[in-house]
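Printed here is data17.cif (mmCIF, C-alpha atoms and all ligand atoms):
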data_query
loop_
_atom_site.label_atom_id
_atom_site.label_comp_id
_atom_site.auth_asym_id
_atom_site.auth_seq_id
_atom_site.Cartn_x
_atom_site.Cartn_y
_atom_site.Cartn_z
CA ARG A 6 56.48 75.16 97.40
CA ASP A 7 59.97 76.56 97.75
CA SER A 8 59.83 76.63 101.53
CA ASN A 9 60.61 72.92 101.27
CA VAL A 10 63.86 73.53 99.48
CA SER A 11 66.78 73.12 101.83
CA GLY A 12 70.13 74.84 101.65
CA ASP A 13 71.80 71.44 101.31
CA GLN A 14 69.70 70.63 98.27
CA LEU A 15 70.64 73.92 96.63
CA ALA A 16 74.31 73.39 97.43
CA ASN A 17 74.03 69.98 95.88
CA ASP A 18 72.42 71.51 92.79
CA LEU A 19 75.26 74.00 92.43
CA ALA A 20 77.76 71.17 92.69
CA GLN A 21 75.94 69.28 89.93
CA ILE A 22 75.96 72.37 87.73
CA ALA A 23 79.67 72.82 88.32
CA SER A 24 80.65 69.22 87.71
CA GLY A 25 78.07 68.01 85.18
CA ARG A 26 76.47 71.11 83.63
CA CYS A 27 73.20 69.63 84.89
CA LYS A 28 70.19 71.52 83.52
CA LYS A 29 67.77 69.78 85.85
CA ALA A 30 69.71 71.08 88.81
CA PHE A 31 69.75 74.51 87.19
CA GLY A 32 65.97 74.30 86.83
CA ARG A 33 65.64 73.80 90.59
CA VAL A 34 67.99 76.70 91.31
CA PHE A 35 65.97 78.83 88.89
CA ALA A 36 62.66 77.86 90.49
CA TYR A 37 63.92 78.86 93.90
CA PHE A 38 65.83 82.03 93.10
CA ALA A 39 64.27 83.63 90.01
CA PRO A 40 61.16 85.00 91.80
CA ARG A 41 63.32 86.26 94.66
CA LEU A 42 65.80 87.86 92.32
CA LYS A 43 62.97 89.54 90.46
CA ALA A 44 61.68 91.08 93.70
CA PHE A 45 65.23 92.23 94.51
CA GLY A 46 65.72 93.64 91.00
CA TYR A 47 62.44 95.47 91.17
CA LYS A 48 63.50 97.05 94.43
CA GLN A 49 66.84 98.09 92.93
CA PHE A 50 65.60 99.46 89.61
CA GLY A 51 61.86 100.11 90.08
CA ASN A 52 61.34 98.69 86.61
CA GLU A 53 60.19 95.29 85.37
CA GLN A 54 62.48 95.09 82.38
CA LEU A 55 65.65 95.79 84.35
CA ALA A 56 64.47 93.48 87.13
CA LEU A 57 64.19 90.65 84.58
CA GLU A 58 67.58 91.49 83.12
CA LEU A 59 69.01 91.19 86.62
CA VAL A 60 67.33 87.79 87.06
CA GLN A 61 68.74 86.47 83.80
CA GLU A 62 72.26 87.82 84.14
CA THR A 63 72.51 86.70 87.75
CA LEU A 64 71.39 83.15 86.98
CA LEU A 65 73.64 82.94 83.93
CA THR A 66 76.56 83.92 86.15
CA VAL A 67 75.49 81.28 88.65
CA TRP A 68 75.53 78.73 85.79
CA ASN A 69 78.95 79.84 84.55
CA LYS A 70 80.66 80.35 87.89
CA SER A 71 79.11 77.69 90.10
CA HIS A 72 82.58 76.16 90.53
CA LEU A 73 83.55 79.21 92.58
CA TYR A 74 80.94 78.43 95.21
CA ASP A 75 82.39 76.95 98.39
CA PRO A 76 79.78 75.39 100.68
CA GLU A 77 82.19 75.64 103.61
CA LYS A 78 82.31 79.42 103.33
CA ALA A 79 78.75 80.57 102.69
CA ALA A 80 75.14 79.53 102.28
CA VAL A 81 73.96 79.23 98.66
CA SER A 82 71.56 82.13 99.14
CA THR A 83 74.38 84.37 100.39
CA TRP A 84 76.50 83.50 97.38
CA VAL A 85 73.66 84.03 94.92
CA TYR A 86 72.94 87.35 96.63
CA ARG A 87 76.59 88.35 96.05
CA VAL A 88 76.28 87.51 92.37
CA ALA A 89 73.06 89.57 92.16
CA ARG A 90 74.51 92.50 94.13
CA ASN A 91 77.53 92.59 91.82
CA GLN A 92 75.32 92.39 88.75
CA SER A 93 73.12 95.19 90.05
CA PHE A 94 76.15 97.36 90.89
CA ASP A 95 77.53 96.96 87.36
CA MET A 96 74.14 97.55 85.74
CA MET A 97 73.74 100.79 87.69
CA ARG A 98 77.18 102.00 86.69
CA ARG A 99 76.51 101.11 83.07
CA GLN A 100 73.21 102.98 83.17
CA ALA A 101 74.99 106.05 84.46
CA ALA A 102 77.49 105.60 81.59
CA ARG A 103 80.40 105.40 84.00
CA PRO A 104 83.72 104.01 82.85
CA GLU A 105 83.87 100.28 83.43
CA THR A 106 87.23 100.47 85.09
CA LEU A 107 86.22 98.84 88.28
CA MET A 108 83.70 96.06 87.99
CA ALA A 109 81.87 94.71 90.99
CA ASP A 110 83.74 91.41 90.80
CA ASP A 111 86.94 93.35 91.49
CA LEU A 112 85.41 94.84 94.61
CA TRP A 113 83.61 91.74 95.84
CA PRO A 114 85.33 88.59 94.51
CA LEU A 115 82.84 85.76 94.07
CA ALA A 116 85.27 83.08 95.15
CA SER A 117 86.15 83.14 98.80
CA GLN A 118 89.80 84.08 98.99
CA GLU A 119 90.43 83.45 95.32
CA SER A 120 93.17 86.03 95.61
CA ASP A 121 96.83 85.26 95.53
CA ASP A 122 97.37 87.56 98.44
CA VAL A 123 95.39 86.25 101.37
CA PRO A 124 96.56 88.28 104.34
CA ILE A 125 99.40 86.06 105.29
CA ASP A 126 99.94 87.55 108.73
CA GLU A 127 96.54 86.22 109.76
CA GLN A 128 97.30 82.77 108.43
CA ILE A 129 100.56 82.29 110.17
CA LEU A 130 99.53 83.49 113.61
CA GLY A 131 99.41 80.83 116.25
CA ASP A 132 101.39 77.75 117.05
CA GLN A 133 102.10 76.98 113.44
CA ALA A 134 104.02 80.21 113.16
CA ARG A 135 107.23 79.19 114.90
CA ALA A 136 107.49 75.96 112.97
CA LEU A 137 106.96 77.80 109.72
CA LEU A 138 109.44 80.54 110.54
CA ALA A 139 112.07 77.89 111.19
CA LEU A 140 111.81 76.98 107.51
CA LEU A 141 113.08 80.37 106.41
CA PRO A 142 116.70 81.31 105.79
CA ASP A 143 118.04 83.36 108.71
CA ALA A 144 117.99 86.71 106.94
CA GLN A 145 114.35 86.33 105.94
CA ARG A 146 113.27 85.00 109.33
CA GLN A 147 114.86 87.94 111.11
CA VAL A 148 112.91 90.39 109.01
CA ILE A 149 109.63 88.52 109.38
CA GLU A 150 110.03 88.30 113.15
CA LYS A 151 110.70 92.01 113.52
CA ILE A 152 107.72 92.97 111.40
CA TYR A 153 105.12 90.34 112.25
CA VAL A 154 106.08 89.42 115.78
CA GLU A 155 107.60 92.61 117.17
CA ASP A 156 105.24 94.81 115.14
CA LYS A 157 108.01 97.01 113.75
CA THR A 158 107.69 98.96 110.52
CA GLN A 159 109.78 97.98 107.51
CA GLN A 160 111.74 101.21 107.94
CA GLU A 161 112.49 100.47 111.60
CA THR A 162 113.52 96.97 110.66
CA ALA A 163 115.87 98.29 108.00
CA LEU A 164 117.49 100.67 110.48
CA GLU A 165 117.90 98.00 113.14
CA LEU A 166 119.44 95.52 110.76
CA GLY A 167 121.51 98.16 109.02
CA VAL A 168 120.25 97.21 105.54
CA PRO A 169 118.49 99.32 102.90
CA LEU A 170 114.68 99.49 102.97
CA GLY A 171 114.54 97.81 99.57
CA THR A 172 116.38 94.79 100.96
CA VAL A 173 113.87 94.48 103.79
CA LYS A 174 111.03 94.69 101.31
CA SER A 175 112.43 92.00 99.06
CA ARG A 176 113.19 89.73 102.02
CA VAL A 177 109.61 90.12 103.21
CA ARG A 178 108.31 89.30 99.77
CA LEU A 179 110.52 86.24 99.36
CA ALA A 180 109.71 85.02 102.85
CA LEU A 181 105.96 85.40 102.37
CA GLU A 182 106.12 83.59 99.05
CA ARG A 183 107.98 80.76 100.68
CA LEU A 184 105.55 80.56 103.60
CA LYS A 185 102.60 80.66 101.26
CA GLU A 186 104.02 77.74 99.30
CA HIS A 187 104.29 75.72 102.48
CA LEU A 188 100.77 76.60 103.56
CA HIS A 189 99.36 75.55 100.22
CA ARG A 190 101.30 72.33 100.24
CA GLU A 191 99.86 71.44 103.63
CA ASP A 192 96.20 71.76 102.69
CA MET B 29 101.70 95.07 111.00
CA LYS B 30 98.31 94.49 112.52
CA ILE B 31 95.47 96.61 111.25
CA LYS B 32 94.03 98.69 114.07
CA HIS B 33 91.66 101.15 112.43
CA HIS B 34 88.54 99.79 110.77
CA PRO B 35 85.51 101.25 108.99
CA ALA B 36 82.34 101.57 111.06
CA PRO B 37 80.01 98.54 110.82
CA ALA B 38 77.24 100.73 109.35
CA MET B 39 79.51 101.73 106.50
CA LEU B 40 80.49 98.11 105.90
CA ALA B 41 76.80 97.17 105.88
CA ALA B 42 76.13 99.72 103.13
CA HIS B 43 79.20 98.41 101.28
CA ALA B 44 77.96 94.83 101.57
CA GLN B 45 74.76 95.93 99.85
CA GLY B 46 76.56 97.81 97.09
CA LEU B 47 74.95 101.09 98.10
CA LEU B 48 78.06 103.30 98.21
CA PRO B 49 79.83 105.28 95.49
CA THR B 50 82.45 103.28 93.63
CA ALA B 51 85.35 105.28 95.09
CA THR B 52 84.15 104.55 98.62
CA SER B 53 83.56 100.89 97.84
CA ALA B 54 87.03 100.62 96.35
CA ALA B 55 88.65 101.96 99.52
CA LEU B 56 86.54 99.61 101.63
CA ALA B 57 87.21 96.60 99.41
CA ALA B 58 90.96 97.22 99.63
CA HIS B 59 90.74 97.36 103.42
CA VAL B 60 88.54 94.27 103.69
CA GLU B 61 90.90 92.32 101.46
CA ALA B 62 93.70 92.82 103.99
CA CYS B 63 91.63 92.67 107.19
CA SER B 64 90.35 89.30 108.34
CA TYR B 65 88.26 90.99 111.02
CA CYS B 66 86.27 93.05 108.51
CA GLN B 67 86.17 90.11 106.11
CA ALA B 68 84.33 88.05 108.70
CA LEU B 69 82.02 90.96 109.45
CA CYS B 70 81.27 91.42 105.75
CA ASP B 71 80.44 87.74 105.42
CA GLU B 72 77.86 88.15 108.17
CA LEU B 73 76.51 91.37 106.72
CA GLU B 74 76.12 89.73 103.31
CA GLN B 75 74.30 86.86 104.94
CA ASP B 76 71.90 89.33 106.59
CA ALA B 77 71.48 91.24 103.33
CA ALA B 78 70.74 88.00 101.48
CA LYS B 79 67.97 87.13 103.95
CA GLU B 80 66.51 90.60 103.70
CA GLN B 81 66.88 91.20 99.97
CA LEU B 82 65.99 87.72 98.76
CA GLY B 83 63.19 87.28 101.29
CA GLN B 84 60.37 88.31 98.96
CA SER B 85 59.21 86.84 95.67
CA MET B 86 57.56 88.21 92.54
CA ALA B 87 55.84 85.94 90.06
CA LEU B 88 57.43 85.62 86.66
CA ASP B 89 56.57 84.19 83.30
CA ASP B 90 57.72 80.62 82.55
CA SER B 91 59.05 81.77 79.20
CA LEU B 92 61.95 83.39 81.04
CA PHE B 93 63.36 79.97 81.94
CA ASP B 94 63.16 78.81 78.34
CA ALA B 95 64.90 81.96 77.16
CA LEU B 96 67.62 81.38 79.71
CA LEU B 97 68.07 77.70 78.77
CA LEU B 98 68.86 78.80 75.22
CA ARG B 99 71.68 80.95 76.52
CA LEU B 100 73.30 78.35 78.77
CA ASP B 101 75.38 76.80 76.05
CA ASP B 102 76.75 80.10 74.82
CA ALA B 103 80.32 80.69 75.76
CA PRO B 104 80.41 82.44 79.12
CA ALA B 105 80.86 86.16 78.76
CA ASP B 106 84.11 86.12 80.67
CA ALA B 107 85.75 83.37 78.62
CA GLY B 108 86.62 85.73 75.79
CA PRO B 109 90.15 86.88 75.13
CA ALA B 110 89.30 90.44 76.22
CA LYS B 111 90.29 90.25 79.85
CA GLU B 112 93.96 89.47 80.07
CA ALA B 113 95.47 89.24 83.49
CA PRO B 114 97.39 92.44 84.12
CA THR B 115 101.14 92.13 84.27
CA ALA B 116 102.93 92.78 87.53
CA ALA B 117 104.01 96.20 86.27
CA GLN B 118 100.40 97.15 85.53
CA ASN B 119 99.48 96.49 89.15
CA GLN B 120 101.98 99.02 90.34
CA LEU B 121 101.97 102.66 91.11
CA THR B 122 105.26 104.50 90.76
CA ILE B 123 105.90 107.83 92.40
CA ASN B 124 109.03 109.62 93.47
CA GLY B 125 111.15 106.72 92.24
CA GLU B 126 109.36 104.17 94.40
CA SER B 127 107.02 101.45 93.12
CA PHE B 128 104.10 100.14 95.11
CA THR B 129 102.05 97.03 94.39
CA LEU B 130 98.39 97.90 94.71
CA PRO B 131 95.91 95.83 96.70
CA ARG B 132 93.99 93.53 94.39
CA ALA B 133 90.77 95.56 94.59
CA LEU B 134 92.60 98.68 93.38
CA ARG B 135 94.57 97.12 90.55
CA PRO B 136 92.00 97.93 87.89
CA LEU B 137 92.50 101.58 88.86
CA ALA B 138 96.19 101.61 87.99
CA GLY B 139 95.33 102.40 84.37
CA ARG B 140 93.04 105.30 85.28
CA VAL B 141 95.36 107.22 87.54
CA GLY B 142 95.78 110.76 86.30
CA SER B 143 99.10 112.55 86.34
CA TRP B 144 100.81 113.20 89.65
CA ARG B 145 100.51 116.80 90.76
CA ARG B 146 102.72 118.37 93.31
CA LEU B 147 100.99 119.99 96.27
CA GLY B 148 103.71 121.82 98.10
CA SER B 149 107.25 120.57 97.97
CA LYS B 150 106.79 117.09 99.45
CA VAL B 151 103.22 116.04 98.73
CA TRP B 152 101.96 114.55 95.46
CA SER B 153 98.46 113.62 94.48
CA ALA B 154 96.92 111.79 91.53
CA ASP B 155 93.20 111.53 90.92
CA VAL B 156 91.45 108.40 89.79
CA ASP B 157 88.67 108.98 87.32
CA LEU B 158 85.68 106.82 88.20
CA GLY B 159 83.17 109.09 86.51
CA GLU B 160 81.35 109.90 89.73
CA LYS B 161 80.65 113.18 91.42
CA ALA B 162 79.51 111.82 94.78
CA ALA B 163 82.98 110.87 95.92
CA LYS B 164 86.41 111.44 94.54
CA ALA B 165 89.32 109.03 94.86
CA SER B 166 92.95 110.11 94.78
CA PHE B 167 96.26 108.59 95.61
CA LEU B 168 98.25 110.76 97.96
CA TYR B 169 101.98 110.39 98.44
CA ILE B 170 103.56 112.25 101.33
CA ASP B 171 107.32 112.27 101.62
CA SER B 172 109.00 111.59 104.97
CA HIS B 173 109.04 114.31 107.65
CA THR B 174 106.20 116.24 106.06
CA ARG B 175 103.19 117.97 107.57
CA ILE B 176 99.90 118.38 105.73
CA PRO B 177 98.46 121.80 106.65
CA LYS B 178 95.94 121.71 109.47
CA HIS B 179 92.46 121.23 108.06
CA THR B 180 88.89 120.24 108.66
CA HIS B 181 86.66 118.59 106.10
CA GLY B 182 83.92 119.97 103.90
CA GLY B 183 82.45 116.49 103.77
CA GLU B 184 83.75 113.02 104.43
CA GLU B 185 87.40 112.06 104.21
CA LEU B 186 88.21 108.37 103.98
CA THR B 187 91.84 107.37 104.09
CA LEU B 188 93.34 103.96 103.48
CA VAL B 189 97.05 103.70 104.17
CA LEU B 190 98.72 101.66 101.44
CA SER B 191 102.35 101.95 102.48
CA GLY B 192 104.32 103.49 105.31
CA HIS B 193 102.51 105.20 108.15
CA ILE B 194 101.06 108.57 109.00
CA LYS B 195 100.14 110.17 112.30
CA ASP B 196 97.83 112.88 113.48
CA GLU B 197 96.66 114.20 116.84
CA SER B 198 94.54 111.10 117.43
CA GLY B 199 96.69 108.24 116.33
CA ARG B 200 99.12 106.37 114.16
CA TYR B 201 97.86 104.79 110.99
CA GLN B 202 99.76 102.17 109.09
CA GLU B 203 99.36 99.87 106.12
CA GLY B 204 95.76 98.68 105.87
CA ASP B 205 94.38 101.14 108.42
CA PHE B 206 91.17 102.88 107.42
CA THR B 207 90.01 106.21 108.83
CA HIS B 208 86.79 108.10 108.33
CA LEU B 209 86.66 111.79 109.30
CA ASP B 210 84.15 114.55 108.60
CA GLN B 211 83.23 118.17 109.36
CA GLN B 212 83.59 117.57 113.09
CA HIS B 213 87.26 116.66 112.88
CA GLU B 214 90.21 118.99 112.57
CA HIS B 215 93.65 117.49 112.24
CA GLN B 216 97.16 117.88 110.97
CA PRO B 217 98.51 114.63 109.55
CA TYR B 218 102.28 114.17 109.34
CA THR B 219 104.78 111.57 108.31
CA GLU B 220 107.89 110.56 110.21
CA ASP B 221 110.98 108.81 108.91
CA ALA B 222 109.35 107.18 105.87
CA PRO B 223 107.08 108.34 103.07
CA CYS B 224 103.43 107.34 103.13
CA LEU B 225 101.15 106.36 100.26
CA CYS B 226 97.39 106.55 100.84
CA LEU B 227 94.19 106.27 98.92
CA THR B 228 91.86 109.09 99.94
CA VAL B 229 88.20 109.49 99.12
CA LEU B 230 86.64 112.91 99.57
CA THR B 231 83.00 113.92 99.20
CA ALA B 232 83.89 117.64 99.44
CA PRO B 233 87.08 119.71 99.52
CA LEU B 234 89.21 120.05 102.64
CA VAL B 235 89.04 123.34 104.55
CA PHE B 236 92.44 124.49 105.75
CA THR B 237 92.34 126.09 109.16
CA GLY B 238 95.93 126.85 110.22
CA PRO B 239 97.38 130.36 109.96
CA LEU B 240 99.27 129.57 106.78
CA GLY B 241 96.89 126.91 105.60
CA ARG B 242 94.06 129.41 105.36
CA LEU B 243 95.98 131.04 102.58
CA ALA B 244 95.73 127.75 100.77
CA ASN B 245 91.95 127.64 100.73
CA PRO B 246 91.74 129.35 97.35
CA LEU B 247 93.89 126.51 96.03
CA LEU B 248 91.58 123.85 97.37
CA ARG B 249 90.54 122.70 94.00
CA LEU B 250 93.99 121.21 93.78
CA PHE B 251 92.99 118.84 96.51
CA PHE B 252 89.54 118.12 95.24
ZN ZN A 301 89.07 96.01 109.26
ZN ZN A 302 91.79 115.23 106.87
#

Would you write the structure of this file as structure tokens?
Ligand SMILES: [Zn+2]
Ligand SMILES: [Zn+2]
Amino acid sequence: RDSNVSGDQLANDLAQIASGRCKKAFGRVFAYFAPRLKAFGYKQFGNEQLALELVQETLLTVWNKSHLYDPEKAAVSTWVYRVARNQSFDMMRRQAARPETLMADDLWPLASQESDDVPIDEQILGDQARALLALLPDAQRQVIEKIYVEDKTQQETALELGVPLGTVKSRVRLALERLKEHLHRED
Amino acid sequence: MKIKHHPAPAMLAAHAQGLLPTATSAALAAHVEACSYCQALCDELEQDAAKEQLGQSMALDDSLFDALLLRLDDAPADAGPAKEAPTAAQNQLTINGESFTLPRALRPLAGRVGSWRRLGSKVWSADVDLGEKAAKASFLYIDSHTRIPKHTHGGEELTLVLSGHIKDESGRYQEGDFTHLDQQHEHQPYTEDAPCLCLTVLTAPLVFTGPLGRLANPLLRLFF
């Protein structure tokens, strides 16, 4: 029966869970994923009880974090797999009584790019870059150009400009913050 | 500051499936976070893993859904007051008077960094306790103009450069670069005009091979 379920339908269900806490939509997500998650859990743990725990915890996380799903970035099944992989990773660490310093969500964030530090150098490559750099005060632009365009190290940049390394670092930080603000404002 | 050295796709595939020790996954996650190339590759690998791992089904009892429905209205586990966002200072590592902001994936480790030990006059190392024997994570701080004694590796040596750069016979590694060496590689890393902070993950101690370094082998436990 579930071969008829399309990715679009599931994405729609996740959106309804996120916006309206819709239990009907959750029922459809459950019907599609629970048997698959059980098979995955059984493979991970070789044990029915832990497999069912994985099913429940994964789907609860899906219910609670459906707002983090971005249909532009991944298929629903990929995102649900990430939730299940993270759950399984944490369950295995807990079973081995390891310190819960690093949880799987730290290693594999569930939201695409939820971080505050998206690699900015990748974002500002391209034609946009010049226009953006023009927005910076001269001192910051100089530093950014040396590092991101001429591929110099911060130390080299400091030497060339005759300023302390700490100054270069703070200019980079200020400049990136400023650029980030502009990027966010534009989208 | 473009990243030039990446983990092998096979290692990323194992990472995408959560099959690696935590220390190894932490180093990989910190690289992926900064590397859009590996990010895109990981997205694909997770898509493949999803097809593979969620491709089969096992029947389950309907009562499971009812049990789950009862839990939906409970407050989500992560809504509690327990997990406060760490302050900026808690995301930092301070050594030799310099502070470094850790990549997001490594921030939870800041609180589990052991004390800094001095290895030689210009090298410091601090272990991170992740409770695992399979792989051991340490931060390594190497002052400028310093050579690490020539060595080969008893197992695998993963290095993620967090700040500055370091060179060896085969290349120059800078912020974000990830290297993976093993028993087949012998090298002598060195810094130039700036200090370098790395995260290293070792599965076995280093084996020093230089004339003076060999004397250091009895002290290897310092490194591992
Ligand atoms: Zn990479
Ligand atoms: Zn080495």

Please find the residues of chain A near chain B - the criterion being any atom within 8 Å, counting all atoms listed in the file - and write them as a ChimeraX atom specification. /A:32,35,39-45,61,65,68-69,79-80,82-83,86-87,90-91,94,103-104,106-107,111-113,120,122-124,127,152-153,156-158,160

Show me which residues are within 9 Å of ligand ZN 302 (chain A) counting only C-alpha atoms and all ligand atoms, and format the list as number ranges by chain. B: 176, 178-181, 184-187, 208-210, 213-217, 234-235

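The gap separating atom CA of Gln211 of chain B from atom CA of Ala163 of chain B is 15.3 Å, in Å to one decimal.
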
With 3 Å added on each side, what axis-aligned box encloses every listed atom of segment 124-134 of chain B? Give the centre and edge lengths in Å to one decimal, as AutoDock Vina command-line options.
--center_x 101.0 --center_y 101.6 --center_z 94.5 --size_x 26.4 --size_y 22.1 --size_z 10.5

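The nearest approach to ligand ZN 301 (chain A) among the residues B:Cys70, B:Ala38, B:Val151, B:Cys226, with all atoms listed in the file taken into account, belongs to B:Cys70.
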